[in-house]
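Source file: run.tsv (TSV, N, CA, C and O atoms)
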chain	number	residue	atom	x	y	z
A	1	MET	N	-197.40	32.51	-58.81
A	1	MET	CA	-197.11	31.12	-59.12
A	1	MET	C	-196.46	30.42	-57.92
A	1	MET	O	-196.76	29.28	-57.63
A	2	THR	N	-195.57	31.13	-57.23
A	2	THR	CA	-194.89	30.53	-56.09
A	2	THR	C	-195.86	30.22	-54.96
A	2	THR	O	-195.73	29.19	-54.29
A	3	ASP	N	-196.84	31.10	-54.75
A	3	ASP	CA	-197.83	30.86	-53.70
A	3	ASP	C	-198.64	29.60	-53.96
A	3	ASP	O	-198.95	28.86	-53.02
A	4	VAL	N	-198.94	29.35	-55.20
A	4	VAL	CA	-199.70	28.14	-55.56
A	4	VAL	C	-198.86	26.90	-55.26
A	4	VAL	O	-199.38	25.90	-54.72
A	5	LEU	N	-197.58	26.95	-55.58
A	5	LEU	CA	-196.70	25.81	-55.29
A	5	LEU	C	-196.56	25.58	-53.79
A	5	LEU	O	-196.57	24.44	-53.32
A	6	ILE	N	-196.46	26.64	-53.03
A	6	ILE	CA	-196.34	26.51	-51.57
A	6	ILE	C	-197.60	25.90	-50.98
A	6	ILE	O	-197.53	25.00	-50.13
A	7	VAL	N	-198.76	26.34	-51.44
A	7	VAL	CA	-200.02	25.78	-50.95
A	7	VAL	C	-200.14	24.31	-51.33
A	7	VAL	O	-200.56	23.47	-50.52
A	8	ALA	N	-199.74	23.97	-52.55
A	8	ALA	CA	-199.80	22.57	-52.98
A	8	ALA	C	-198.88	21.69	-52.14
A	8	ALA	O	-199.27	20.59	-51.72
A	9	VAL	N	-197.68	22.17	-51.85
A	9	VAL	CA	-196.75	21.38	-51.04
A	9	VAL	C	-197.22	21.32	-49.59
A	9	VAL	O	-197.06	20.29	-48.93
A	10	LEU	N	-197.82	22.38	-49.10
A	10	LEU	CA	-198.39	22.34	-47.75
A	10	LEU	C	-199.49	21.29	-47.64
A	10	LEU	O	-199.59	20.59	-46.63
A	11	LEU	N	-200.32	21.18	-48.66
A	11	LEU	CA	-201.35	20.14	-48.67
A	11	LEU	C	-200.71	18.75	-48.73
A	11	LEU	O	-201.19	17.81	-48.07
A	12	LEU	N	-199.62	18.62	-49.47
A	12	LEU	CA	-198.91	17.35	-49.54
A	12	LEU	C	-198.30	16.99	-48.18
A	12	LEU	O	-198.37	15.84	-47.75
A	13	VAL	N	-197.74	17.98	-47.49
A	13	VAL	CA	-197.18	17.75	-46.16
A	13	VAL	C	-198.28	17.35	-45.19
A	13	VAL	O	-198.11	16.42	-44.38
A	14	ALA	N	-199.43	18.02	-45.26
A	14	ALA	CA	-200.54	17.68	-44.37
A	14	ALA	C	-201.04	16.26	-44.63
A	14	ALA	O	-201.32	15.51	-43.69
A	15	ALA	N	-201.13	15.88	-45.88
A	15	ALA	CA	-201.59	14.52	-46.21
A	15	ALA	C	-200.57	13.47	-45.76
A	15	ALA	O	-200.95	12.43	-45.20
A	16	ALA	N	-199.30	13.74	-45.96
A	16	ALA	CA	-198.26	12.77	-45.56
A	16	ALA	C	-198.18	12.64	-44.05
A	16	ALA	O	-198.02	11.53	-43.53
A	17	SER	N	-198.29	13.74	-43.34
A	17	SER	CA	-198.24	13.65	-41.88
A	17	SER	C	-199.46	12.95	-41.31
A	17	SER	O	-199.36	12.17	-40.36
A	18	THR	N	-200.62	13.17	-41.91
A	18	THR	CA	-201.82	12.46	-41.48
A	18	THR	C	-201.70	10.97	-41.76
A	18	THR	O	-202.06	10.14	-40.94
A	19	ALA	N	-201.15	10.62	-42.91
A	19	ALA	CA	-200.95	9.21	-43.25
A	19	ALA	C	-199.95	8.55	-42.30
A	19	ALA	O	-200.11	7.39	-41.92
A	20	ALA	N	-198.93	9.29	-41.87
A	20	ALA	CA	-197.95	8.73	-40.94
A	20	ALA	C	-198.57	8.46	-39.58
A	20	ALA	O	-198.26	7.46	-38.93
A	21	VAL	N	-199.47	9.33	-39.17
A	21	VAL	CA	-200.12	9.15	-37.87
A	21	VAL	C	-201.14	8.01	-37.92
A	21	VAL	O	-201.26	7.23	-36.97
A	22	LEU	N	-201.85	7.88	-39.02
A	22	LEU	CA	-202.92	6.88	-39.10
A	22	LEU	C	-202.44	5.48	-39.42
A	22	LEU	O	-203.18	4.52	-39.21
A	23	ASN	N	-201.21	5.33	-39.90
A	23	ASN	CA	-200.68	4.00	-40.18
A	23	ASN	C	-200.34	3.29	-38.89
A	23	ASN	O	-199.78	3.89	-37.97
A	24	ARG	N	-200.64	2.00	-38.81
A	24	ARG	CA	-200.35	1.22	-37.61
A	24	ARG	C	-199.11	0.34	-37.77
A	24	ARG	O	-198.51	-0.04	-36.79
A	25	ASP	N	-198.73	0.03	-38.98
A	25	ASP	CA	-197.58	-0.81	-39.24
A	25	ASP	C	-196.30	0.05	-39.23
A	25	ASP	O	-196.20	1.02	-39.98
A	26	PRO	N	-195.32	-0.30	-38.38
A	26	PRO	CA	-194.10	0.52	-38.30
A	26	PRO	C	-193.32	0.61	-39.61
A	26	PRO	O	-192.71	1.64	-39.89
A	27	LEU	N	-193.35	-0.43	-40.42
A	27	LEU	CA	-192.64	-0.38	-41.69
A	27	LEU	C	-193.29	0.64	-42.63
A	27	LEU	O	-192.59	1.42	-43.28
A	28	ARG	N	-194.59	0.62	-42.69
A	28	ARG	CA	-195.28	1.62	-43.53
A	28	ARG	C	-195.11	3.02	-42.97
A	28	ARG	O	-194.99	3.98	-43.72
A	29	GLN	N	-195.10	3.14	-41.64
A	29	GLN	CA	-194.87	4.44	-41.03
A	29	GLN	C	-193.51	5.00	-41.43
A	29	GLN	O	-193.38	6.19	-41.69
A	30	ALA	N	-192.51	4.14	-41.46
A	30	ALA	CA	-191.17	4.60	-41.84
A	30	ALA	C	-191.14	5.07	-43.28
A	30	ALA	O	-190.51	6.08	-43.60
A	31	LEU	N	-191.83	4.34	-44.16
A	31	LEU	CA	-191.88	4.76	-45.56
A	31	LEU	C	-192.63	6.08	-45.74
A	31	LEU	O	-192.19	6.96	-46.49
A	32	VAL	N	-193.74	6.21	-45.04
A	32	VAL	CA	-194.50	7.46	-45.12
A	32	VAL	C	-193.71	8.61	-44.50
A	32	VAL	O	-193.74	9.74	-45.00
A	33	LEU	N	-192.97	8.31	-43.42
A	33	LEU	CA	-192.13	9.33	-42.80
A	33	LEU	C	-191.04	9.80	-43.76
A	33	LEU	O	-190.70	10.98	-43.80
A	34	SER	N	-190.52	8.88	-44.54
A	34	SER	CA	-189.53	9.26	-45.54
A	34	SER	C	-190.14	10.18	-46.60
A	34	SER	O	-189.54	11.17	-47.01
A	35	PHE	N	-191.35	9.84	-47.04
A	35	PHE	CA	-192.05	10.70	-48.00
A	35	PHE	C	-192.37	12.06	-47.39
A	35	PHE	O	-192.27	13.09	-48.06
A	36	LEU	N	-192.71	12.07	-46.10
A	36	LEU	CA	-192.95	13.34	-45.41
A	36	LEU	C	-191.69	14.19	-45.38
A	36	LEU	O	-191.73	15.40	-45.59
A	37	GLY	N	-190.54	13.55	-45.14
A	37	GLY	CA	-189.28	14.28	-45.15
A	37	GLY	C	-188.97	14.89	-46.51
A	37	GLY	O	-188.49	16.01	-46.61
A	38	LEU	N	-189.27	14.12	-47.55
A	38	LEU	CA	-189.07	14.66	-48.91
A	38	LEU	C	-189.98	15.85	-49.20
A	38	LEU	O	-189.55	16.85	-49.78
A	39	SER	N	-191.23	15.74	-48.79
A	39	SER	CA	-192.15	16.84	-49.05
A	39	SER	C	-191.79	18.08	-48.22
A	39	SER	O	-191.93	19.20	-48.69
A	40	LEU	N	-191.30	17.87	-46.99
A	40	LEU	CA	-190.85	19.02	-46.20
A	40	LEU	C	-189.61	19.67	-46.81
A	40	LEU	O	-189.48	20.89	-46.80
A	41	ALA	N	-188.72	18.85	-47.34
A	41	ALA	CA	-187.54	19.41	-48.01
A	41	ALA	C	-187.97	20.24	-49.22
A	41	ALA	O	-187.39	21.30	-49.49
A	42	LEU	N	-188.96	19.76	-49.93
A	42	LEU	CA	-189.49	20.52	-51.07
A	42	LEU	C	-190.12	21.83	-50.61
A	42	LEU	O	-189.91	22.88	-51.23
A	43	LEU	N	-190.84	21.78	-49.50
A	43	LEU	CA	-191.45	23.00	-48.96
A	43	LEU	C	-190.37	24.01	-48.55
A	43	LEU	O	-190.48	25.20	-48.86
A	44	PHE	N	-189.33	23.54	-47.88
A	44	PHE	CA	-188.25	24.44	-47.48
A	44	PHE	C	-187.54	25.04	-48.69
A	44	PHE	O	-187.09	26.18	-48.64
A	45	THR	N	-187.46	24.28	-49.76
A	45	THR	CA	-186.85	24.81	-50.97
A	45	THR	C	-187.71	25.93	-51.55
A	45	THR	O	-187.19	26.96	-52.00
A	46	PHE	N	-189.03	25.74	-51.54
A	46	PHE	CA	-189.93	26.76	-52.10
A	46	PHE	C	-189.97	28.04	-51.26
A	46	PHE	O	-190.24	29.11	-51.80
A	47	VAL	N	-189.74	27.92	-49.96
A	47	VAL	CA	-189.73	29.13	-49.13
A	47	VAL	C	-188.31	29.69	-49.00
A	47	VAL	O	-188.04	30.49	-48.11
A	48	GLN	N	-187.41	29.24	-49.87
A	48	GLN	CA	-186.06	29.75	-50.03
A	48	GLN	C	-185.20	29.55	-48.78
A	48	GLN	O	-184.56	30.48	-48.28
A	49	ALA	N	-185.22	28.32	-48.29
A	49	ALA	CA	-184.34	27.92	-47.20
A	49	ALA	C	-183.60	26.66	-47.63
A	49	ALA	O	-183.87	25.56	-47.14
A	50	PRO	N	-182.65	26.80	-48.57
A	50	PRO	CA	-182.00	25.60	-49.12
A	50	PRO	C	-181.14	24.85	-48.11
A	50	PRO	O	-181.02	23.63	-48.20
A	51	ASP	N	-180.55	25.55	-47.15
A	51	ASP	CA	-179.74	24.86	-46.15
A	51	ASP	C	-180.60	23.97	-45.26
A	51	ASP	O	-180.24	22.84	-44.94
A	52	VAL	N	-181.76	24.47	-44.87
A	52	VAL	CA	-182.69	23.67	-44.06
A	52	VAL	C	-183.24	22.52	-44.90
A	52	VAL	O	-183.43	21.41	-44.40
A	53	ALA	N	-183.46	22.77	-46.18
A	53	ALA	CA	-183.97	21.72	-47.07
A	53	ALA	C	-182.97	20.57	-47.20
A	53	ALA	O	-183.35	19.40	-47.17
A	54	LEU	N	-181.69	20.90	-47.32
A	54	LEU	CA	-180.67	19.85	-47.41
A	54	LEU	C	-180.57	19.05	-46.12
A	54	LEU	O	-180.43	17.83	-46.14
A	55	SER	N	-180.65	19.74	-44.99
A	55	SER	CA	-180.64	19.03	-43.70
A	55	SER	C	-181.85	18.13	-43.56
A	55	SER	O	-181.74	16.99	-43.11
A	56	GLN	N	-183.01	18.63	-43.93
A	56	GLN	CA	-184.23	17.83	-43.86
A	56	GLN	C	-184.16	16.64	-44.80
A	56	GLN	O	-184.61	15.55	-44.46
A	57	LEU	N	-183.59	16.85	-45.95
A	57	LEU	CA	-183.45	15.75	-46.92
A	57	LEU	C	-182.58	14.64	-46.35
A	57	LEU	O	-182.91	13.46	-46.47
A	58	ALA	N	-181.49	15.01	-45.71
A	58	ALA	CA	-180.58	14.00	-45.16
A	58	ALA	C	-181.17	13.32	-43.93
A	58	ALA	O	-181.20	12.09	-43.84
A	59	VAL	N	-181.65	14.10	-42.99
A	59	VAL	CA	-182.10	13.53	-41.73
A	59	VAL	C	-183.53	13.01	-41.83
A	59	VAL	O	-183.81	11.88	-41.43
A	60	GLY	N	-184.43	13.81	-42.34
A	60	GLY	CA	-185.84	13.46	-42.32
A	60	GLY	C	-186.26	12.38	-43.31
A	60	GLY	O	-187.20	11.64	-43.06
A	61	SER	N	-185.56	12.29	-44.42
A	61	SER	CA	-185.99	11.31	-45.41
A	61	SER	C	-185.04	10.13	-45.54
A	61	SER	O	-185.35	9.18	-46.24
A	62	ALA	N	-183.90	10.17	-44.85
A	62	ALA	CA	-182.96	9.05	-44.96
A	62	ALA	C	-182.59	8.45	-43.61
A	62	ALA	O	-182.81	7.28	-43.37
A	63	VAL	N	-182.04	9.26	-42.72
A	63	VAL	CA	-181.48	8.73	-41.48
A	63	VAL	C	-182.58	8.26	-40.51
A	63	VAL	O	-182.52	7.14	-40.00
A	64	THR	N	-183.58	9.09	-40.27
A	64	THR	CA	-184.62	8.72	-39.31
A	64	THR	C	-185.41	7.49	-39.75
A	64	THR	O	-185.58	6.57	-38.94
A	65	PRO	N	-185.91	7.41	-40.98
A	65	PRO	CA	-186.60	6.17	-41.38
A	65	PRO	C	-185.70	4.93	-41.33
A	65	PRO	O	-186.15	3.85	-40.96
A	66	LEU	N	-184.42	5.11	-41.66
A	66	LEU	CA	-183.49	3.98	-41.58
A	66	LEU	C	-183.33	3.51	-40.14
A	66	LEU	O	-183.33	2.31	-39.88
A	67	MET	N	-183.22	4.43	-39.20
A	67	MET	CA	-183.11	4.05	-37.80
A	67	MET	C	-184.38	3.35	-37.31
A	67	MET	O	-184.31	2.39	-36.54
A	68	ILE	N	-185.53	3.80	-37.77
A	68	ILE	CA	-186.79	3.16	-37.40
A	68	ILE	C	-186.83	1.75	-37.95
A	68	ILE	O	-187.20	0.80	-37.24
A	69	LEU	N	-186.46	1.57	-39.21
A	69	LEU	CA	-186.47	0.24	-39.82
A	69	LEU	C	-185.50	-0.71	-39.11
A	69	LEU	O	-185.84	-1.88	-38.87
A	70	LEU	N	-184.33	-0.24	-38.76
A	70	LEU	CA	-183.37	-1.08	-38.05
A	70	LEU	C	-183.86	-1.44	-36.65
A	70	LEU	O	-183.68	-2.57	-36.19
A	71	THR	N	-184.52	-0.50	-35.99
A	71	THR	CA	-185.06	-0.78	-34.66
A	71	THR	C	-186.19	-1.79	-34.73
A	71	THR	O	-186.25	-2.72	-33.91
A	72	VAL	N	-187.07	-1.64	-35.70
A	72	VAL	CA	-188.18	-2.59	-35.85
A	72	VAL	C	-187.63	-3.98	-36.15
A	72	VAL	O	-188.11	-4.99	-35.61
A	73	ARG	N	-186.61	-4.05	-36.97
A	73	ARG	CA	-186.01	-5.34	-37.30
A	73	ARG	C	-185.41	-6.00	-36.06
A	73	ARG	O	-185.59	-7.19	-35.82
A	74	LYS	N	-184.73	-5.21	-35.25
A	74	LYS	CA	-184.11	-5.75	-34.03
A	74	LYS	C	-185.18	-6.19	-33.03
A	74	LYS	O	-185.03	-7.24	-32.39
A	75	VAL	N	-186.24	-5.44	-32.88
A	75	VAL	CA	-187.30	-5.79	-31.93
A	75	VAL	C	-188.03	-7.04	-32.39
A	75	VAL	O	-188.36	-7.91	-31.57
A	76	ARG	N	-188.28	-7.17	-33.65
A	76	ARG	CA	-189.00	-8.34	-34.15
A	76	ARG	C	-188.18	-9.62	-34.06
A	76	ARG	O	-188.73	-10.70	-33.94
A	77	ARG	N	-186.85	-9.51	-34.11
A	77	ARG	CA	-186.01	-10.69	-34.00
A	77	ARG	C	-185.95	-11.19	-32.57
A	77	ARG	O	-185.69	-12.35	-32.33
A	78	GLY	N	-186.19	-10.34	-31.62
A	78	GLY	CA	-186.17	-10.73	-30.22
A	78	GLY	C	-184.79	-10.62	-29.63
A	78	GLY	O	-183.80	-10.34	-30.32
A	79	PRO	N	-184.69	-10.86	-28.32
A	79	PRO	CA	-183.40	-10.75	-27.66
A	79	PRO	C	-182.46	-11.88	-28.06
A	79	PRO	O	-182.90	-13.00	-28.34
A	80	ARG	N	-181.19	-11.59	-28.09
A	80	ARG	CA	-180.19	-12.60	-28.42
A	80	ARG	C	-179.75	-13.29	-27.14
A	80	ARG	O	-179.56	-12.67	-26.11
A	81	HIS	N	-179.64	-14.60	-27.22
A	81	HIS	CA	-179.24	-15.39	-26.06
A	81	HIS	C	-177.82	-15.90	-26.26
A	81	HIS	O	-177.36	-16.08	-27.38
A	82	ARG	N	-177.15	-16.19	-25.15
A	82	ARG	CA	-175.82	-16.80	-25.22
A	82	ARG	C	-175.95	-18.25	-25.63
A	82	ARG	O	-177.03	-18.85	-25.56
A	83	ASP	N	-174.84	-18.82	-26.02
A	83	ASP	CA	-174.84	-20.22	-26.45
A	83	ASP	C	-175.32	-21.14	-25.33
A	83	ASP	O	-174.83	-21.08	-24.21
A	84	GLY	N	-176.30	-21.96	-25.62
A	84	GLY	CA	-176.79	-22.95	-24.69
A	84	GLY	C	-177.67	-22.40	-23.59
A	84	GLY	O	-178.09	-23.13	-22.71
A	85	GLU	N	-177.95	-21.12	-23.61
A	85	GLU	CA	-178.77	-20.54	-22.56
A	85	GLU	C	-180.20	-20.41	-23.04
A	85	GLU	O	-180.46	-19.93	-24.12
A	86	GLU	N	-181.12	-20.85	-22.25
A	86	GLU	CA	-182.54	-20.72	-22.57
A	86	GLU	C	-183.16	-19.81	-21.54
A	86	GLU	O	-182.86	-19.92	-20.36
A	87	GLY	N	-184.02	-18.96	-21.94
A	87	GLY	CA	-184.65	-18.03	-20.99
A	87	GLY	C	-183.79	-16.81	-20.80
A	87	GLY	O	-182.69	-16.69	-21.31
A	88	GLY	N	-184.29	-15.90	-19.99
A	88	GLY	CA	-183.59	-14.64	-19.85
A	88	GLY	C	-182.91	-14.43	-18.51
A	88	GLY	O	-182.18	-13.49	-18.33
A	89	GLY	N	-183.13	-15.31	-17.54
A	89	GLY	CA	-182.57	-15.06	-16.21
A	89	GLY	C	-181.53	-16.06	-15.82
A	89	GLY	O	-181.21	-17.00	-16.54
A	90	ARG	N	-180.98	-15.85	-14.64
A	90	ARG	CA	-179.96	-16.76	-14.10
A	90	ARG	C	-180.58	-17.78	-13.20
A	90	ARG	O	-181.49	-17.65	-12.55
Take the structure in this file and express it as structure tokens.
Amino acid sequence: MTDVLIVAVLLLVAAASTAAVLNRDPLRQALVLSFLGLSLALLFTFVQAPDVALSQLAVGSAVTPLMILLTVRKVRRGPRHRDGEEGGGR
């Protein structure tokens, strides 16, 4: 029974990683990356590595997608200018 679960989760990981690579929108990539982190945490749980699963759950499905979303937000807003300054140079 455990082997069947491992194979099913491996297929889920393969599908999620393929979807993350094929997505072109960074916001969707971050969401798919979060799902990939969850599925990897599930895989680590099934192969009896709970400490690695907890680390993957925290970093792979929460922190990394959050950092990507914050970076995309900052890049899309553009550079911040000082008061009354137009353009980027002196």
Where's the centre, and what are the edge lengths in Å to one decimal, of a box along x, y and z enclosing all listed atoms of segment 20-31 of chain A padded 5 Å per side, as lines of an AutoDock Vina configuration file?
center_x = -196.8
center_y = 4.3
center_z = -41.6
size_x = 22.7
size_y = 20.1
size_z = 19.7
With only N, CA, C and O atoms as the atoms that count, which of A:Val4, A:Leu54, A:Leu31, A:Ser61 lies nearest to Ala16 of chain A?
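Under the stated criterion, the closest residue is A:Leu31.
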Residues within 7 Å of Phe46 of chain A, please, as a PyMOL selection string. Count only N, CA, C and O atoms; anything in the same chain fewer than 3 positions from it doesn't count.
chain A and resi 2+5-6+40-43+49
One number please: atom O of Ala53 of chain A to atom C of Ile68 of chain A, in Å, one decimal.
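Atom C of Ile68 of chain A lies 20.2 Å from atom O of Ala53 of chain A.
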Using DSSP on the backbone, list every residue of chain A that comes out as alpha helix (DSSP H), and give them as an NGL selection string.
:A and (2-22 or 26-46 or 50-58 or 64-77)
May I have the residues within 12 Å of Thr64 of chain A as a PyMOL selection string, using only C-alpha atoms and disregarding those fewer than 2 positions away in the same chain?
chain A and resi 29-37+55-62+66-71
Could you dump the residues just selected with N, CA, C and O atoms as a JSON list (two decimals), in the coordinates of the input?
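Result saved to out.json:
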[["chain", "number", "residue", "atom", "x", "y", "z"],
["A", 29, "GLN", "N", -195.10, 3.14, -41.64],
["A", 29, "GLN", "CA", -194.87, 4.44, -41.03],
["A", 29, "GLN", "C", -193.51, 5.00, -41.43],
["A", 29, "GLN", "O", -193.38, 6.19, -41.69],
["A", 30, "ALA", "N", -192.51, 4.14, -41.46],
["A", 30, "ALA", "CA", -191.17, 4.60, -41.84],
["A", 30, "ALA", "C", -191.14, 5.07, -43.28],
["A", 30, "ALA", "O", -190.51, 6.08, -43.60],
["A", 31, "LEU", "N", -191.83, 4.34, -44.16],
["A", 31, "LEU", "CA", -191.88, 4.76, -45.56],
["A", 31, "LEU", "C", -192.63, 6.08, -45.74],
["A", 31, "LEU", "O", -192.19, 6.96, -46.49],
["A", 32, "VAL", "N", -193.74, 6.21, -45.04],
["A", 32, "VAL", "CA", -194.50, 7.46, -45.12],
["A", 32, "VAL", "C", -193.71, 8.61, -44.50],
["A", 32, "VAL", "O", -193.74, 9.74, -45.00],
["A", 33, "LEU", "N", -192.97, 8.31, -43.42],
["A", 33, "LEU", "CA", -192.13, 9.33, -42.80],
["A", 33, "LEU", "C", -191.04, 9.80, -43.76],
["A", 33, "LEU", "O", -190.70, 10.98, -43.80],
["A", 34, "SER", "N", -190.52, 8.88, -44.54],
["A", 34, "SER", "CA", -189.53, 9.26, -45.54],
["A", 34, "SER", "C", -190.14, 10.18, -46.60],
["A", 34, "SER", "O", -189.54, 11.17, -47.01],
["A", 35, "PHE", "N", -191.35, 9.84, -47.04],
["A", 35, "PHE", "CA", -192.05, 10.70, -48.00],
["A", 35, "PHE", "C", -192.37, 12.06, -47.39],
["A", 35, "PHE", "O", -192.27, 13.09, -48.06],
["A", 36, "LEU", "N", -192.71, 12.07, -46.10],
["A", 36, "LEU", "CA", -192.95, 13.34, -45.41],
["A", 36, "LEU", "C", -191.69, 14.19, -45.38],
["A", 36, "LEU", "O", -191.73, 15.40, -45.59],
["A", 37, "GLY", "N", -190.54, 13.55, -45.14],
["A", 37, "GLY", "CA", -189.28, 14.28, -45.15],
["A", 37, "GLY", "C", -188.97, 14.89, -46.51],
["A", 37, "GLY", "O", -188.49, 16.01, -46.61],
["A", 55, "SER", "N", -180.65, 19.74, -44.99],
["A", 55, "SER", "CA", -180.64, 19.03, -43.70],
["A", 55, "SER", "C", -181.85, 18.13, -43.56],
["A", 55, "SER", "O", -181.74, 16.99, -43.11],
["A", 56, "GLN", "N", -183.01, 18.63, -43.93],
["A", 56, "GLN", "CA", -184.23, 17.83, -43.86],
["A", 56, "GLN", "C", -184.16, 16.64, -44.80],
["A", 56, "GLN", "O", -184.61, 15.55, -44.46],
["A", 57, "LEU", "N", -183.59, 16.85, -45.95],
["A", 57, "LEU", "CA", -183.45, 15.75, -46.92],
["A", 57, "LEU", "C", -182.58, 14.64, -46.35],
["A", 57, "LEU", "O", -182.91, 13.46, -46.47],
["A", 58, "ALA", "N", -181.49, 15.01, -45.71],
["A", 58, "ALA", "CA", -180.58, 14.00, -45.16],
["A", 58, "ALA", "C", -181.17, 13.32, -43.93],
["A", 58, "ALA", "O", -181.20, 12.09, -43.84],
["A", 59, "VAL", "N", -181.65, 14.10, -42.99],
["A", 59, "VAL", "CA", -182.10, 13.53, -41.73],
["A", 59, "VAL", "C", -183.53, 13.01, -41.83],
["A", 59, "VAL", "O", -183.81, 11.88, -41.43],
["A", 60, "GLY", "N", -184.43, 13.81, -42.34],
["A", 60, "GLY", "CA", -185.84, 13.46, -42.32],
["A", 60, "GLY", "C", -186.26, 12.38, -43.31],
["A", 60, "GLY", "O", -187.20, 11.64, -43.06],
["A", 61, "SER", "N", -185.56, 12.29, -44.42],
["A", 61, "SER", "CA", -185.99, 11.31, -45.41],
["A", 61, "SER", "C", -185.04, 10.13, -45.54],
["A", 61, "SER", "O", -185.35, 9.18, -46.24],
["A", 62, "ALA", "N", -183.90, 10.17, -44.85],
["A", 62, "ALA", "CA", -182.96, 9.05, -44.96],
["A", 62, "ALA", "C", -182.59, 8.45, -43.61],
["A", 62, "ALA", "O", -182.81, 7.28, -43.37],
["A", 66, "LEU", "N", -184.42, 5.11, -41.66],
["A", 66, "LEU", "CA", -183.49, 3.98, -41.58],
["A", 66, "LEU", "C", -183.33, 3.51, -40.14],
["A", 66, "LEU", "O", -183.33, 2.31, -39.88],
["A", 67, "MET", "N", -183.22, 4.43, -39.20],
["A", 67, "MET", "CA", -183.11, 4.05, -37.80],
["A", 67, "MET", "C", -184.38, 3.35, -37.31],
["A", 67, "MET", "O", -184.31, 2.39, -36.54],
["A", 68, "ILE", "N", -185.53, 3.80, -37.77],
["A", 68, "ILE", "CA", -186.79, 3.16, -37.40],
["A", 68, "ILE", "C", -186.83, 1.75, -37.95],
["A", 68, "ILE", "O", -187.20, 0.80, -37.24],
["A", 69, "LEU", "N", -186.46, 1.57, -39.21],
["A", 69, "LEU", "CA", -186.47, 0.24, -39.82],
["A", 69, "LEU", "C", -185.50, -0.71, -39.11],
["A", 69, "LEU", "O", -185.84, -1.88, -38.87],
["A", 70, "LEU", "N", -184.33, -0.24, -38.76],
["A", 70, "LEU", "CA", -183.37, -1.08, -38.05],
["A", 70, "LEU", "C", -183.86, -1.44, -36.65],
["A", 70, "LEU", "O", -183.68, -2.57, -36.19],
["A", 71, "THR", "N", -184.52, -0.50, -35.99],
["A", 71, "THR", "CA", -185.06, -0.78, -34.66],
["A", 71, "THR", "C", -186.19, -1.79, -34.73],
["A", 71, "THR", "O", -186.25, -2.72, -33.91]]
Separation of atom N of Arg76 of chain A and atom O of Ala20 of chain A, in Å?
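Calculated distance between atom N of Arg76 of chain A and atom O of Ala20 of chain A is 18.5 Å.
You will find atom CA of Val72 of chain A at 7.1 Å from atom CA of Pro26 of chain A.
The closest residue to Val9 of chain A, picked from A:Val63, A:Arg77, A:Val52, A:Ser39 and counting only N, CA, C and O atoms, is A:Ser39.
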